[in-house]
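Next comes upload_14.txt, with compact mmCIF, C-alpha atoms (C1' of nucleotides).
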```txt
# COMPACT_ATOMS: atom_id res chain seq x y z
CA MET K 1 -11.21 -17.43 26.93
CA ASN K 2 -12.23 -19.81 24.16
CA SER K 3 -9.75 -19.64 21.32
CA ILE K 4 -12.30 -20.23 18.61
CA THR K 5 -14.89 -17.89 20.08
CA ASP K 6 -12.92 -14.85 21.23
CA THR K 7 -10.35 -14.05 18.58
CA PRO K 8 -11.89 -11.52 16.17
CA GLU K 9 -8.81 -10.74 14.12
CA SER K 10 -8.37 -14.36 13.18
CA ASN K 11 -11.79 -15.93 13.04
CA TYR K 12 -14.73 -13.55 12.72
CA ASP K 13 -14.85 -13.77 8.93
CA MET K 14 -15.28 -17.54 9.09
CA LEU K 15 -18.03 -17.67 11.69
CA THR K 16 -21.52 -18.99 11.17
CA ILE K 17 -24.45 -17.17 12.75
CA THR K 18 -24.83 -20.02 15.21
CA GLU K 19 -21.25 -19.59 16.39
CA ALA K 20 -21.60 -15.82 16.54
CA THR K 21 -24.67 -16.19 18.72
CA LEU K 22 -22.71 -18.36 21.15
CA ILE K 23 -19.95 -15.77 21.33
CA GLN K 24 -22.50 -13.10 22.19
CA LYS K 25 -23.95 -15.24 24.96
CA ASN K 26 -20.48 -15.78 26.40
CA LEU K 27 -19.49 -12.13 26.25
CA ARG K 28 -22.72 -11.12 27.93
CA GLU K 29 -21.60 -12.76 31.15
CA GLN K 30 -18.77 -10.24 31.38
CA LEU K 31 -20.95 -7.19 30.86
CA ASN K 32 -20.66 -4.47 33.52
CA LEU K 33 -23.33 -1.77 33.72
CA LYS K 34 -22.36 -0.14 36.99
CA PRO K 35 -22.13 3.67 37.12
CA LEU K 36 -19.06 5.34 35.70
CA GLN K 37 -16.75 6.52 38.48
CA SER K 38 -13.91 8.47 36.91
CA PRO K 39 -14.51 11.84 35.24
CA ILE K 40 -14.62 12.09 31.46
CA ARG K 41 -11.95 14.17 29.78
CA THR K 42 -12.05 12.67 26.30
CA ILE K 43 -14.70 10.84 24.30
CA ALA K 44 -14.22 9.11 20.96
CA GLY K 45 -16.65 8.44 18.15
CA ALA K 46 -16.18 5.17 16.22
CA ASP K 47 -17.44 4.39 12.74
CA ILE K 48 -16.57 2.75 9.42
CA SER K 49 -17.17 3.73 5.82
CA LEU K 50 -17.63 1.28 2.96
CA SER K 51 -17.68 1.46 -0.80
CA LEU K 52 -20.67 -0.10 -2.48
CA TYR K 53 -20.12 -3.78 -3.33
CA SER K 54 -16.58 -3.66 -1.94
CA GLU K 55 -15.03 -5.62 0.89
CA THR K 56 -12.77 -2.70 1.77
CA VAL K 57 -13.40 -1.08 5.12
CA TYR K 58 -12.30 2.42 6.11
CA ALA K 59 -12.45 2.41 9.90
CA GLY K 60 -11.73 5.17 12.32
CA MET K 61 -12.13 6.83 15.68
CA VAL K 62 -12.05 10.54 16.38
CA ILE K 63 -11.13 11.65 19.90
CA LEU K 64 -12.79 14.80 21.21
CA SER K 65 -12.13 16.77 24.37
CA PHE K 66 -14.99 16.63 26.87
CA PRO K 67 -17.20 18.46 27.53
CA ASP K 68 -16.06 20.98 24.91
CA LEU K 69 -16.19 18.37 22.16
CA GLN K 70 -13.30 19.64 20.07
CA PRO K 71 -11.56 17.00 17.89
CA VAL K 72 -8.03 16.49 19.22
CA ALA K 73 -6.87 13.33 17.44
CA TYR K 74 -8.00 10.57 15.11
CA SER K 75 -6.97 7.07 14.14
CA LEU K 76 -7.69 5.56 10.72
CA VAL K 77 -7.15 2.05 9.36
CA LYS K 78 -7.97 0.56 5.96
CA SER K 79 -9.01 -3.05 6.27
CA SER K 80 -11.46 -5.57 4.83
CA THR K 81 -14.35 -7.79 5.85
CA THR K 82 -16.26 -10.63 4.31
CA PHE K 83 -18.69 -11.08 7.19
CA PRO K 84 -22.00 -9.74 5.81
CA TYR K 85 -24.27 -7.27 7.49
CA VAL K 86 -26.81 -9.28 9.44
CA PRO K 87 -29.11 -7.43 11.89
CA GLY K 88 -27.98 -8.38 15.38
CA PHE K 89 -24.44 -9.26 14.30
CA LEU K 90 -23.02 -5.94 13.20
CA ALA K 91 -20.11 -6.34 15.60
CA PHE K 92 -18.68 -9.27 13.68
CA ARG K 93 -18.46 -7.13 10.57
CA GLU K 94 -17.02 -3.96 12.09
CA ILE K 95 -15.08 -4.86 15.24
CA PRO K 96 -11.97 -6.45 13.70
CA SER K 97 -11.21 -3.17 11.90
CA LEU K 98 -12.09 -1.03 14.89
CA LEU K 99 -9.77 -3.02 17.14
CA LYS K 100 -6.87 -2.09 14.85
CA VAL K 101 -7.96 1.52 14.98
CA TYR K 102 -8.07 1.35 18.77
CA GLU K 103 -4.68 -0.33 19.17
CA GLN K 104 -3.14 2.46 17.17
CA ILE K 105 -4.21 5.09 19.72
CA PRO K 106 -1.43 5.84 22.25
CA VAL K 107 -3.63 7.40 24.95
CA LYS K 108 -7.02 5.70 25.03
CA PRO K 109 -10.18 7.84 25.21
CA ASP K 110 -12.23 7.77 28.45
CA VAL K 111 -15.40 6.81 26.59
CA ILE K 112 -16.14 5.49 23.11
CA MET K 113 -19.45 6.12 21.37
CA PHE K 114 -20.45 3.72 18.58
CA ASP K 115 -22.68 4.16 15.58
CA GLY K 116 -24.97 1.33 16.64
CA ASN K 117 -26.22 -0.15 19.91
CA GLY K 118 -24.91 -1.14 23.31
CA ILE K 119 -27.40 -3.33 25.19
CA ILE K 120 -30.32 -2.50 22.90
CA HIS K 121 -29.93 -5.96 21.43
CA LYS K 122 -31.71 -9.30 21.80
CA ARG K 123 -28.79 -10.74 23.76
CA ARG K 124 -27.63 -7.36 25.13
CA MET K 125 -24.54 -7.57 22.94
CA GLY K 126 -24.68 -4.78 20.39
CA ILE K 127 -21.41 -3.56 18.87
CA ALA K 128 -20.68 -1.11 21.71
CA SER K 129 -21.07 -3.76 24.40
CA HIS K 130 -19.11 -6.30 22.39
CA PHE K 131 -16.19 -3.94 21.84
CA GLY K 132 -16.30 -2.78 25.45
CA VAL K 133 -16.06 -6.29 26.88
CA LEU K 134 -13.32 -7.27 24.43
CA THR K 135 -11.12 -4.29 25.34
CA ASP K 136 -12.46 -3.53 28.84
CA SER K 137 -13.17 0.04 27.73
CA VAL K 138 -16.06 2.35 28.59
CA THR K 139 -18.52 2.30 25.70
CA MET K 140 -22.03 3.32 24.67
CA GLY K 141 -24.16 3.21 21.58
CA CYS K 142 -26.17 5.73 19.59
CA ALA K 143 -28.23 4.19 16.77
CA LYS K 144 -30.32 5.96 14.17
CA LYS K 145 -32.96 3.22 13.96
CA LYS K 146 -34.50 0.74 16.36
CA LEU K 147 -33.06 -2.76 16.40
CA THR K 148 -35.21 -4.32 19.11
CA GLY K 149 -37.53 -3.39 21.97
CA GLN K 150 -40.66 -1.30 22.46
CA TYR K 151 -41.16 2.36 23.25
CA GLU K 152 -43.58 5.22 23.07
CA ASP K 153 -42.65 8.22 21.00
CA PRO K 154 -40.86 10.89 23.03
CA GLY K 155 -42.14 14.47 22.89
CA GLU K 156 -41.29 16.48 19.79
CA ASN K 157 -38.92 18.84 21.57
CA ARG K 158 -35.16 18.60 21.89
CA GLY K 159 -34.11 16.77 25.06
CA GLU K 160 -37.33 14.82 25.52
CA TYR K 161 -36.95 11.07 25.76
CA SER K 162 -38.77 7.83 26.53
CA LEU K 163 -37.67 4.42 27.79
CA LEU K 164 -36.96 1.55 25.46
CA THR K 165 -37.83 -1.79 27.02
CA ASP K 166 -37.53 -5.44 26.12
CA LYS K 167 -39.01 -8.34 28.06
CA GLY K 168 -40.00 -5.97 30.86
CA GLU K 169 -36.51 -4.57 31.22
CA THR K 170 -35.32 -1.05 30.40
CA ILE K 171 -32.40 -1.34 28.01
CA GLY K 172 -32.09 2.14 26.57
CA TYR K 173 -33.60 5.48 25.71
CA VAL K 174 -35.25 7.03 22.67
CA LEU K 175 -33.93 10.57 22.62
CA ARG K 176 -35.20 13.53 20.61
CA SER K 177 -31.89 15.20 19.88
CA LYS K 178 -33.48 18.14 18.04
CA ASN K 179 -36.97 19.50 17.56
CA ASN K 180 -39.02 17.62 15.00
CA VAL K 181 -36.42 15.10 13.87
CA LYS K 182 -36.42 11.33 14.16
CA PRO K 183 -35.14 10.32 17.61
CA VAL K 184 -31.88 8.44 18.24
CA PHE K 185 -31.53 5.27 20.31
CA ILE K 186 -29.16 5.49 23.26
CA SER K 187 -27.82 2.64 25.39
CA PRO K 188 -24.81 1.83 27.56
CA GLY K 189 -22.24 -0.51 26.07
CA HIS K 190 -19.90 -1.55 28.88
CA ASN K 191 -18.53 -0.13 32.13
CA MET K 192 -21.23 2.55 32.46
CA SER K 193 -24.87 2.65 33.57
CA LEU K 194 -28.08 3.25 31.69
CA ASP K 195 -28.26 6.75 33.17
CA ASP K 196 -24.65 7.47 32.29
CA SER K 197 -25.37 6.75 28.65
CA LEU K 198 -28.26 9.18 28.52
CA ASN K 199 -26.39 11.91 30.37
CA ILE K 200 -23.35 11.61 28.15
CA ALA K 201 -25.44 11.51 24.99
CA MET K 202 -27.25 14.70 25.95
CA LYS K 203 -23.97 16.47 26.64
CA CYS K 204 -22.75 15.46 23.20
CA ILE K 205 -25.70 16.86 21.28
CA HIS K 206 -24.91 20.23 19.81
CA LYS K 207 -26.27 21.55 16.59
CA TYR K 208 -27.17 18.36 14.76
CA ARG K 209 -29.33 15.29 15.14
CA LEU K 210 -26.38 13.01 15.82
CA PRO K 211 -24.09 13.53 18.81
CA GLU K 212 -20.70 15.07 17.98
CA PRO K 213 -18.50 11.99 18.51
CA THR K 214 -20.55 9.94 16.06
CA ARG K 215 -20.90 12.80 13.60
CA LYS K 216 -17.18 13.51 13.55
CA ALA K 217 -16.28 9.85 13.25
CA HIS K 218 -18.61 9.52 10.27
CA GLU K 219 -17.17 12.65 8.69
CA PHE K 220 -13.56 11.54 9.16
CA VAL K 221 -13.94 7.99 7.84
CA ASN K 222 -15.64 9.37 4.75
CA LEU K 223 -12.79 11.82 4.18
CA PHE K 224 -10.49 8.83 4.62
CA ARG K 225 -12.36 6.78 2.02
CA THR K 226 -12.28 9.64 -0.49
CA GLY K 227 -8.56 10.09 0.01
CA GLU K 228 -8.65 13.41 1.82
CA LEU K 229 -7.20 11.94 5.02
CA LYS K 230 -4.58 9.25 5.36
CA GLU K 231 -4.21 6.12 7.42
CA GLY K 232 -2.57 6.23 10.83
CA TYR K 233 -2.82 8.09 14.13
CA HIS K 234 -2.84 11.87 13.92
CA GLU K 235 -3.17 14.65 16.46
CA ILE K 236 -5.01 17.84 15.67
CA GLY K 237 -3.39 21.00 16.95
CA SER K 238 -1.38 20.53 20.13
CA LEU K 239 -2.53 22.51 23.13
CA GLN K 240 -6.09 21.28 23.56
CA LEU K 241 -5.29 18.12 25.48
CA PHE K 242 -2.79 19.12 28.18
C1' DG S 1 -46.04 -18.42 7.88
C1' DC S 2 -45.65 -13.15 8.80
C1' DG S 3 -43.45 -9.04 10.24
C1' DA S 4 -39.07 -6.80 12.04
C1' DC S 5 -34.62 -5.96 10.97
C1' DA S 6 -28.19 -1.29 14.19
C1' DG S 7 -24.82 -0.50 9.71
C1' DA N 1 -23.90 1.26 4.75
C1' DT N 2 -23.74 3.48 -0.30
C1' DC N 3 -25.66 5.63 -4.79
C1' DT N 4 -27.88 10.72 -5.84
C1' DT N 5 -31.43 15.98 -7.03
C1' DG N 6 -34.49 18.29 -5.95
C1' DT N 7 -37.75 19.66 -2.67
C1' DC N 8 -40.61 20.51 1.44
C1' DG N 9 -40.68 22.83 6.01
C1' DC N 10 -39.11 25.22 10.36
```

Please lay out the structure from this file as structure tokens.
Amino acid sequence: MNSITDTPESNYDMLTITEATLIQKNLREQLNLKPLQSPIRTIAGADISLSLYSETVYAGMVILSFPDLQPVAYSLVKSSTTFPYVPGFLAFREIPSLLKVYEQIPVKPDVIMFDGNGIIHKRRMGIASHFGVLTDSVTMGCAKKKLTGQYEDPGENRGEYSLLTDKGETIGYVLRSKNNVKPVFISPGHNMSLDDSLNIAMKCIHKYRLPEPTRKAHEFVNLFRTGELKEGYHEIGSLQLF
DNA sequence: GCGACAG
DNA sequence: ATCTTGTCGC
């Protein structure tokens, strides 16, 4: 809507924290947390990889079939950012690159899981929510550490979880993805409910602490950064999707 | 002023 | 996030 506040590819690098905060407050008004209606057939993991002290960004998304969670395609883009990492403003550093990654995908995934938060955020605008509103996609977040909110430790067994609240409102879940490991923080991003995010996250947990979409995305962008995978959109195999 | 602080 | 080896524990 506002040229100076909603055009990531052209202005995010020049923003001040004050301006970024205003953008988050504007985007929040468009947030939709109603239950997901359509069935999920594919889910993508989104992540970026950086080199120490470098402005180069290796961004990517890996699309997996659902619920079998087999990688079927991936999109990689090499880009750059000057916006620093500031807690609460991760989106401004990573979204411009991820939008390019997303545009490069011919058939969009039904859900996108981010390495970061959805509404577990002071202004309910974590990277997953921000990206979701910008592209009107279905998104959710899975973070490895708490950004904001309060919670009680969930039980030590796989599958146990507790509510994460902020100002008396439930904004996410603290999920024990495996026995005796640090829990992960789950929250809806956009176009799905709080319950949807937890249900989807649980279905994406297999053998490791992090859900498959996020794990695969992290693995692929690192292979991209080390030169083992190349930029562009690529399909894996050919008879998994149809 | 002090503590917290996604990636 | 990234840089790195060994080490403790189920």

Next item on the list: For stretch 77-88 of chain K, list every protein, DNA or RNA residue within 9 Å, evaluated using all atoms listed in the file, and leave out those in the same chain fewer than 6 positions away; present the list as a PyMOL selection string.
Entry: (chain K and resi 12-15+17+54-60+94+96-98+100-101+104+121-123+125-127+147+224-225+230-233) or (chain S and resi 5-7) or (chain N and resi 1)

Would you give the centre and edge lengths, in Å to one decimal, of a box along x, y and z around the listed atoms of chain N, with 4 Å added to each side, as AutoDock Vina command-line options?
```
--center_x -32.2 --center_y 13.2 --center_z 1.7 --size_x 24.9 --size_y 32.0 --size_z 25.4
```

Write out as CSV the residues of chain N that have any atom within 9 Å of an atom of chain K, one row each with the nearest atom pair and its distance in Å to one decimal, counting all atoms listed in the file, sorted by chain and then rising number.
```
residue,atom,partner,partner_atom,distance
N:DA1,C1',K:Leu50,CA,6.5
N:DT2,C1',K:Leu52,CA,5.2
N:DC3,C1',K:Leu52,CA,7.9
N:DC10,C1',K:Asn180,CA,8.9
```

Checklist line | Surrounding residues of K:Lys144 excluding itself and chain neighbours under 4 positions, 10 Å, only C-alpha atoms (C1' of nucleotides), as JSON, numbers by chain | finding: {"K": [115, 116, 117, 174, 182, 183, 184, 185, 186, 209, 210], "S": [6, 7]}

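In terms of minimum interatomic distance to chain S, K:Leu90 ranks closest within K:Leu76, K:Met61, K:Leu90, K:Ile23, counting all atoms listed in the file.
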
Check: So which residues fall inside 9 Å of (-41.2, -3.5, 14.1) if we count all atoms listed in the file? Mind giving them as a ChimeraX atom specification?
Finding: /K:146-150 /S:3-5

Notebook entry, point to check: For the atom pair atom CA of K:Arg176 and atom CA of K:Leu31, what is the interatomic distance in Å to one decimal place?
Noted result: 27.2 Å

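If all atoms listed in the file are the atoms counted, then among K:Met113, K:Ala73, K:Ile105, K:Ile120 the closest residue to chain S is K:Ile120.
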
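In this model, the gap between atom CA of K:Val111 and atom CA of K:Leu64 comes to 10.0 Å.
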
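Distance-wise, atom CA of K:Lys207 and atom CA of K:Arg158 end up 10.8 Å apart.
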
Item checked: Residues within 9 Å of stretch 193-206 of chain K, only C-alpha atoms (C1' of nucleotides), excluding chain neighbours under 6 positions, as a PyMOL selection string -> chain K and resi 32-36+66-69+113+139-142+159+170-173+175+177-178+186-187+212-213

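With distances restricted to only C-alpha atoms (C1' of nucleotides), K:Ala143 is the closest residue to chain S from K:Ala143, K:Ile63, K:Ala46, K:Glu219.
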
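Comparing K:Glu29, K:Glu19, K:Asp47, K:Glu160 by their smallest distance to chain S, the closest is K:Asp47 (using all atoms listed in the file).
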
Where atoms are absent from stretch 102-122 of chain K, fill them in so it carries N, CA and C atoms, then output it as an mmCIF file, in the frame of the given file.
```
data_model
loop_
_atom_site.group_PDB
_atom_site.id
_atom_site.type_symbol
_atom_site.label_atom_id
_atom_site.label_comp_id
_atom_site.auth_asym_id
_atom_site.auth_seq_id
_atom_site.Cartn_x
_atom_site.Cartn_y
_atom_site.Cartn_z
ATOM 1 N N TYR K 102 -8.220 1.103 17.337
ATOM 2 C CA TYR K 102 -8.070 1.350 18.770
ATOM 3 C C TYR K 102 -6.632 1.086 19.247
ATOM 4 N N GLU K 103 -6.044 0.025 18.765
ATOM 5 C CA GLU K 103 -4.680 -0.330 19.170
ATOM 6 C C GLU K 103 -3.676 0.736 18.751
ATOM 7 N N GLN K 104 -4.018 1.436 17.716
ATOM 8 C CA GLN K 104 -3.140 2.460 17.170
ATOM 9 C C GLN K 104 -3.163 3.774 17.962
ATOM 10 N N ILE K 105 -4.092 3.875 18.904
ATOM 11 C CA ILE K 105 -4.210 5.090 19.720
ATOM 12 C C ILE K 105 -3.332 4.985 20.966
ATOM 13 N N PRO K 106 -2.360 5.882 21.111
ATOM 14 C CA PRO K 106 -1.430 5.840 22.250
ATOM 15 C C PRO K 106 -2.066 6.095 23.610
ATOM 16 N N VAL K 107 -2.952 7.086 23.688
ATOM 17 C CA VAL K 107 -3.630 7.400 24.950
ATOM 18 C C VAL K 107 -5.114 7.168 24.707
ATOM 19 N N LYS K 108 -5.633 6.084 25.292
ATOM 20 C CA LYS K 108 -7.020 5.700 25.030
ATOM 21 C C LYS K 108 -8.046 6.732 25.530
ATOM 22 N N PRO K 109 -9.138 6.884 24.798
ATOM 23 C CA PRO K 109 -10.180 7.840 25.210
ATOM 24 C C PRO K 109 -10.917 7.304 26.447
ATOM 25 N N ASP K 110 -11.522 8.188 27.230
ATOM 26 C CA ASP K 110 -12.230 7.770 28.450
ATOM 27 C C ASP K 110 -13.529 7.050 28.131
ATOM 28 N N VAL K 111 -14.140 7.421 27.018
ATOM 29 C CA VAL K 111 -15.400 6.810 26.590
ATOM 30 C C VAL K 111 -15.387 6.680 25.076
ATOM 31 N N ILE K 112 -16.042 5.652 24.561
ATOM 32 C CA ILE K 112 -16.140 5.490 23.110
ATOM 33 C C ILE K 112 -17.620 5.350 22.757
ATOM 34 N N MET K 113 -18.052 6.168 21.801
ATOM 35 C CA MET K 113 -19.450 6.120 21.370
ATOM 36 C C MET K 113 -19.492 5.459 19.991
ATOM 37 N N PHE K 114 -20.337 4.440 19.858
ATOM 38 C CA PHE K 114 -20.450 3.720 18.580
ATOM 39 C C PHE K 114 -21.682 4.093 17.789
ATOM 40 N N ASP K 115 -21.569 3.914 16.489
ATOM 41 C CA ASP K 115 -22.680 4.160 15.580
ATOM 42 C C ASP K 115 -23.431 2.825 15.525
ATOM 43 N N GLY K 116 -24.291 2.613 16.520
ATOM 44 C CA GLY K 116 -24.970 1.330 16.640
ATOM 45 C C GLY K 116 -25.389 1.204 18.102
ATOM 46 N N ASN K 117 -25.756 0.012 18.531
ATOM 47 C CA ASN K 117 -26.220 -0.150 19.910
ATOM 48 C C ASN K 117 -25.256 -0.765 20.926
ATOM 49 N N GLY K 118 -25.630 -0.545 22.196
ATOM 50 C CA GLY K 118 -24.910 -1.140 23.310
ATOM 51 C C GLY K 118 -25.764 -2.339 23.686
ATOM 52 N N ILE K 119 -26.550 -2.210 24.767
ATOM 53 C CA ILE K 119 -27.400 -3.330 25.190
ATOM 54 C C ILE K 119 -28.776 -3.352 24.542
ATOM 55 N N ILE K 120 -29.042 -2.436 23.631
ATOM 56 C CA ILE K 120 -30.320 -2.500 22.900
ATOM 57 C C ILE K 120 -30.047 -3.579 21.849
ATOM 58 N N HIS K 121 -30.270 -4.803 22.254
ATOM 59 C CA HIS K 121 -29.930 -5.960 21.430
ATOM 60 C C HIS K 121 -30.609 -7.177 22.064
ATOM 61 N N LYS K 122 -31.035 -8.111 21.271
ATOM 62 C CA LYS K 122 -31.710 -9.300 21.800
ATOM 63 C C LYS K 122 -30.934 -10.002 22.888
#
```
